[in-house]
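Student: Take a look at the following structure, please.
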Amino acid sequence: VGLIDSSSNAKCKFQPAKTFEEAISRIVSHRLASCSGGAEGNLCPQSLLDTIHNAFLSDELELGHTMSEAVRADALAVEKRDPACETLLEVVLFMKGFASLVIHRAARRAWKPNDGGSGTRFAALLLQSQASSAFGVDIHPAAQIGAGVMFDHASGIVVGETAMIGDGTTILHGVTLGGTGKQNGDRHPKVGKDVLIGAGTKILGNIHIGDRVKIGAGSVVLRAIPSGATAVGAPARIIGFTPTGERPGSNVDTKLADVEPLSGLADSLVGSTITKSTTDTSLSTAATEMQAV
């Protein structure tokens, strides 16, 4: 394509990769080493390659998935959801959100917080630091991320130490899953499955974001959001619900075009066996609670 020297004098250092995992390890380690100064930088390219590839071989699970399972699902998720991406090859070669997740998954398998502040714990922190510098994505090695996750554009995404992100979630650039101060312990958001988080959103504190939630761009979320809700604003307020059967993380409805209004809550109770008085009370209570989120 004009960017790579394909002349007869250009020799490939490696033989062709034999597996998907080996290919991803080579591509991502090369990108990270290159962004860190290559042979003149502070990362050993071969050690970086070995670290990522060994993580692929590990049977350690992250939210129920091996690294191999999660990375494969991540790559397919980007190809399906990103309209600017036409092939799987584009994902693995060029998408920094995908590369950042690969590095995180390797760093998590190296993360040993009780090793006395040395060894693999430092290796994990080095991977986090270098990925943050190279790609502008800062994910603590201890954070837990499910499979089939897409970081779209990815620049400026921050994921704190005790944060969790469920399977099938899509997060756009500039999103922070952060704490609320200097407190220790479990202090970061827990994001459910199939969630869509719009660009620039800040979710702060140890709060739960339910499955199939949509959060509009630029929102500041300080309280829990129930499953299936759509929220927007600063502070975020619930404005409606995700249509039945929709998976926001996969549909990527960033304009919030498909949202059932709060008034539709009454329809969901029609035909139930509970009494009218109970229905009225439930509707009133639910609406009040959700408006307060």
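We label chains A, B, ... in the order they appear in the structure tokens, count residues from 1 in each chain, and number ligands from 1 in the order shown.
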Write out as a VMD selection string which residues come within 7 Å of segment 140-150 of chain A when counting only C-alpha atoms, dropping same-chain ones fewer than 4 positions away.

Tutor: chain A and resid 62 to 63 65 70 73 to 74 77 to 78 104 107 to 108 111 124 to 125 128 159 to 171

Student: Can I get the selection written as an mmCIF file, in the first residue's frame, with N, CA and C atoms?

Tutor:
data_model
loop_
_atom_site.group_PDB
_atom_site.id
_atom_site.type_symbol
_atom_site.label_atom_id
_atom_site.label_comp_id
_atom_site.auth_asym_id
_atom_site.auth_seq_id
_atom_site.Cartn_x
_atom_site.Cartn_y
_atom_site.Cartn_z
ATOM 1 N N GLU A 62 -11.859 -14.151 32.670
ATOM 2 C CA GLU A 62 -12.260 -12.782 32.995
ATOM 3 C C GLU A 62 -13.744 -12.665 32.679
ATOM 4 N N LEU A 63 -14.555 -12.533 33.723
ATOM 5 C CA LEU A 63 -16.015 -12.543 33.584
ATOM 6 C C LEU A 63 -16.486 -13.751 32.772
ATOM 7 N N HIS A 65 -14.736 -15.722 30.621
ATOM 8 C CA HIS A 65 -14.170 -15.965 29.303
ATOM 9 C C HIS A 65 -12.642 -16.064 29.368
ATOM 10 N N ALA A 70 -12.525 -14.034 24.475
ATOM 11 C CA ALA A 70 -12.911 -12.626 24.563
ATOM 12 C C ALA A 70 -12.390 -11.814 23.381
ATOM 13 N N ALA A 73 -14.319 -12.530 20.206
ATOM 14 C CA ALA A 73 -15.629 -11.873 20.254
ATOM 15 C C ALA A 73 -15.500 -10.360 20.084
ATOM 16 N N ASP A 74 -14.449 -9.774 20.655
ATOM 17 C CA ASP A 74 -14.214 -8.331 20.492
ATOM 18 C C ASP A 74 -14.026 -7.964 19.018
ATOM 19 N N ALA A 77 -17.220 -8.168 17.145
ATOM 20 C CA ALA A 77 -18.124 -7.084 17.545
ATOM 21 C C ALA A 77 -17.807 -5.797 16.796
ATOM 22 N N VAL A 78 -16.521 -5.460 16.673
ATOM 23 C CA VAL A 78 -16.141 -4.241 15.967
ATOM 24 C C VAL A 78 -16.525 -4.330 14.495
ATOM 25 N N HIS A 104 -5.073 -4.897 27.672
ATOM 26 C CA HIS A 104 -5.678 -5.007 29.004
ATOM 27 C C HIS A 104 -5.826 -6.464 29.414
ATOM 28 N N ALA A 107 -2.593 -7.736 30.463
ATOM 29 C CA ALA A 107 -2.190 -7.127 31.729
ATOM 30 C C ALA A 107 -2.964 -7.730 32.900
ATOM 31 N N ARG A 108 -4.235 -8.006 32.704
ATOM 32 C CA ARG A 108 -5.036 -8.586 33.787
ATOM 33 C C ARG A 108 -4.497 -9.945 34.197
ATOM 34 N N TRP A 111 -1.599 -9.471 36.393
ATOM 35 C CA TRP A 111 -1.842 -8.677 37.605
ATOM 36 C C TRP A 111 -1.865 -9.580 38.839
ATOM 37 N N ALA A 124 2.235 -5.826 34.591
ATOM 38 C CA ALA A 124 0.867 -5.423 34.275
ATOM 39 C C ALA A 124 0.736 -3.904 34.265
ATOM 40 N N LEU A 125 1.328 -3.248 35.254
ATOM 41 C CA LEU A 125 1.257 -1.795 35.316
ATOM 42 C C LEU A 125 2.022 -1.151 34.159
ATOM 43 N N GLN A 128 -0.246 -1.323 31.165
ATOM 44 C CA GLN A 128 -1.281 -0.288 31.287
ATOM 45 C C GLN A 128 -0.718 1.082 30.932
ATOM 46 N N VAL A 159 -10.969 3.410 32.606
ATOM 47 C CA VAL A 159 -11.681 2.356 33.321
ATOM 48 C C VAL A 159 -10.931 2.089 34.627
ATOM 49 N N GLY A 160 -11.587 2.351 35.750
ATOM 50 C CA GLY A 160 -10.945 2.251 37.052
ATOM 51 C C GLY A 160 -10.736 0.829 37.540
ATOM 52 N N GLU A 161 -10.001 0.715 38.623
ATOM 53 C CA GLU A 161 -9.517 -0.567 39.151
ATOM 54 C C GLU A 161 -10.621 -1.566 39.458
ATOM 55 N N THR A 162 -11.708 -1.135 40.073
ATOM 56 C CA THR A 162 -12.758 -2.069 40.478
ATOM 57 C C THR A 162 -13.973 -2.020 39.551
ATOM 58 N N ALA A 163 -13.805 -1.430 38.382
ATOM 59 C CA ALA A 163 -14.901 -1.352 37.414
ATOM 60 C C ALA A 163 -15.135 -2.700 36.741
ATOM 61 N N MET A 164 -16.366 -2.899 36.279
ATOM 62 C CA MET A 164 -16.733 -4.092 35.515
ATOM 63 C C MET A 164 -17.544 -3.656 34.301
ATOM 64 N N ILE A 165 -17.310 -4.338 33.169
ATOM 65 C CA ILE A 165 -18.041 -4.069 31.926
ATOM 66 C C ILE A 165 -18.545 -5.401 31.392
ATOM 67 N N GLY A 166 -19.854 -5.529 31.221
ATOM 68 C CA GLY A 166 -20.445 -6.785 30.801
ATOM 69 C C GLY A 166 -20.303 -7.080 29.321
ATOM 70 N N ASP A 167 -20.601 -8.315 28.955
ATOM 71 C CA ASP A 167 -20.529 -8.776 27.574
ATOM 72 C C ASP A 167 -21.380 -7.898 26.657
ATOM 73 N N GLY A 168 -20.911 -7.723 25.419
ATOM 74 C CA GLY A 168 -21.713 -7.073 24.386
ATOM 75 C C GLY A 168 -21.873 -5.579 24.520
ATOM 76 N N THR A 169 -21.087 -4.943 25.371
ATOM 77 C CA THR A 169 -21.230 -3.508 25.609
ATOM 78 C C THR A 169 -20.415 -2.696 24.608
ATOM 79 N N THR A 170 -20.935 -1.535 24.239
ATOM 80 C CA THR A 170 -20.219 -0.591 23.370
ATOM 81 C C THR A 170 -20.000 0.709 24.138
ATOM 82 N N ILE A 171 -18.746 1.165 24.151
ATOM 83 C CA ILE A 171 -18.375 2.400 24.828
ATOM 84 C C ILE A 171 -17.677 3.309 23.830
#

Student: With only C-alpha atoms as the counted atoms, please give the residues lying no more than 6 Å from segment 206-213 of chain A, apart from itself and same-chain residues fewer than 2 positions off, as a compact mmCIF listing (two decimals) with N, CA and C atoms, in the first residue's frame.

Tutor:
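Result file follows (out-v2.txt):
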# COMPACT_ATOMS: atom_id res chain seq x y z
N ARG A 187 -14.98 0.86 44.42
CA ARG A 187 -15.36 2.27 44.26
C ARG A 187 -15.69 2.67 42.83
N HIS A 188 -15.78 1.72 41.92
CA HIS A 188 -16.01 2.07 40.51
C HIS A 188 -17.30 1.43 39.98
N PRO A 189 -17.81 1.91 38.86
CA PRO A 189 -19.09 1.42 38.33
C PRO A 189 -19.05 -0.03 37.88
N LYS A 190 -20.24 -0.64 37.93
CA LYS A 190 -20.44 -2.00 37.43
C LYS A 190 -21.45 -1.90 36.28
N VAL A 191 -20.97 -2.10 35.07
CA VAL A 191 -21.80 -1.96 33.87
C VAL A 191 -22.27 -3.34 33.43
N GLY A 192 -23.57 -3.47 33.17
CA GLY A 192 -24.15 -4.75 32.79
C GLY A 192 -23.86 -5.14 31.35
N LYS A 193 -24.63 -6.09 30.85
CA LYS A 193 -24.44 -6.61 29.50
C LYS A 193 -25.24 -5.79 28.47
N ASP A 194 -24.72 -5.75 27.25
CA ASP A 194 -25.42 -5.13 26.12
C ASP A 194 -25.77 -3.67 26.38
N VAL A 195 -24.85 -2.95 26.99
CA VAL A 195 -25.07 -1.54 27.33
C VAL A 195 -24.41 -0.64 26.28
N ALA A 224 -27.47 4.68 40.31
CA ALA A 224 -27.73 3.46 39.56
C ALA A 224 -28.81 3.67 38.51
N ILE A 225 -28.72 2.92 37.43
CA ILE A 225 -29.72 2.94 36.36
C ILE A 225 -30.26 1.53 36.18
N PRO A 226 -31.56 1.32 36.27
CA PRO A 226 -32.11 -0.03 36.17
C PRO A 226 -32.01 -0.60 34.76
N SER A 227 -32.06 -1.90 34.66
CA SER A 227 -31.97 -2.58 33.37
C SER A 227 -33.04 -2.09 32.41
N GLY A 228 -32.64 -1.90 31.15
CA GLY A 228 -33.58 -1.51 30.11
C GLY A 228 -33.92 -0.04 30.04
N ALA A 229 -33.33 0.77 30.92
CA ALA A 229 -33.66 2.19 30.94
C ALA A 229 -32.76 2.97 29.98
N THR A 230 -33.22 4.14 29.58
CA THR A 230 -32.43 5.09 28.78
C THR A 230 -32.28 6.36 29.60
N ARG A 247 -30.87 -4.82 21.76
CA ARG A 247 -29.60 -4.92 22.48
C ARG A 247 -28.78 -3.67 22.16
N PRO A 248 -28.85 -2.67 23.00
CA PRO A 248 -28.21 -1.38 22.69
C PRO A 248 -26.72 -1.48 22.37

Student: Enter the distance from atom CA of Gly181 of chain A to atom CA of Gly205 of chain A, in Å, rounded to one decimal.

Tutor: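 Pair atom CA of Gly181 of chain A / atom CA of Gly205 of chain A returns 8.6 Å.
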
Student: Taking the chain letters and numbering used in this document, name the residues of segment 89-252 of chain A that DSSP puts in strand (DSSP E or B), as a ChimeraX atom specification.

Tutor: /A:138-139,144-145,150-152,158-159,164-165,170-172,176-178,190-191,196-197,202-204,208-209,214-215,220-221,225,229-232,237-241

Student: Considering only alpha helix (DSSP H) as DSSP defines it on the backbone, what residues of segment 74-254 of chain A qualify? List them as number ranges by chain.

Tutor: A: 74-81, 88-94, 96-110, 120-135, 248-251

Student: Could you name the residues that touch Ala257 of chain A at 12 Å or less, counting only C-alpha atoms, but leaving out those on the same chain fewer than 5 positions away, as a ChimeraX atom specification?

Tutor: /A:214,216,230,240-243,248,251-252

Student: Quick one: write out the picked residues with N, CA and C atoms as a short mmCIF file (atom, residue, chain, number, x, y, z; two decimals), in the first residue's frame?

Tutor:
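selection_12.cif, freshly written:
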data_model
loop_
_atom_site.label_atom_id
_atom_site.label_comp_id
_atom_site.auth_asym_id
_atom_site.auth_seq_id
_atom_site.Cartn_x
_atom_site.Cartn_y
_atom_site.Cartn_z
N LYS A 214 -29.19 2.35 27.84
CA LYS A 214 -28.61 3.34 26.93
C LYS A 214 -28.32 4.61 27.72
N GLY A 216 -27.00 8.53 27.01
CA GLY A 216 -26.72 9.51 25.97
C GLY A 216 -25.38 10.19 26.14
N THR A 230 -33.22 4.14 29.58
CA THR A 230 -32.43 5.09 28.78
C THR A 230 -32.28 6.36 29.60
N GLY A 240 -36.73 7.19 29.34
CA GLY A 240 -37.53 6.16 28.70
C GLY A 240 -36.88 4.81 28.85
N PHE A 241 -37.30 3.89 27.96
CA PHE A 241 -36.86 2.51 28.06
C PHE A 241 -36.41 1.96 26.71
N THR A 242 -35.53 1.00 26.77
CA THR A 242 -35.10 0.31 25.56
C THR A 242 -36.23 -0.59 25.06
N PRO A 243 -36.57 -0.53 23.78
CA PRO A 243 -37.63 -1.40 23.26
C PRO A 243 -37.34 -2.87 23.53
N PRO A 248 -28.85 -2.67 23.00
CA PRO A 248 -28.21 -1.38 22.69
C PRO A 248 -26.72 -1.48 22.37
N ASN A 251 -26.77 -2.62 18.72
CA ASN A 251 -27.46 -1.73 17.79
C ASN A 251 -26.80 -0.36 17.68
N VAL A 252 -26.13 0.07 18.74
CA VAL A 252 -25.38 1.34 18.77
C VAL A 252 -26.26 2.51 18.32
#
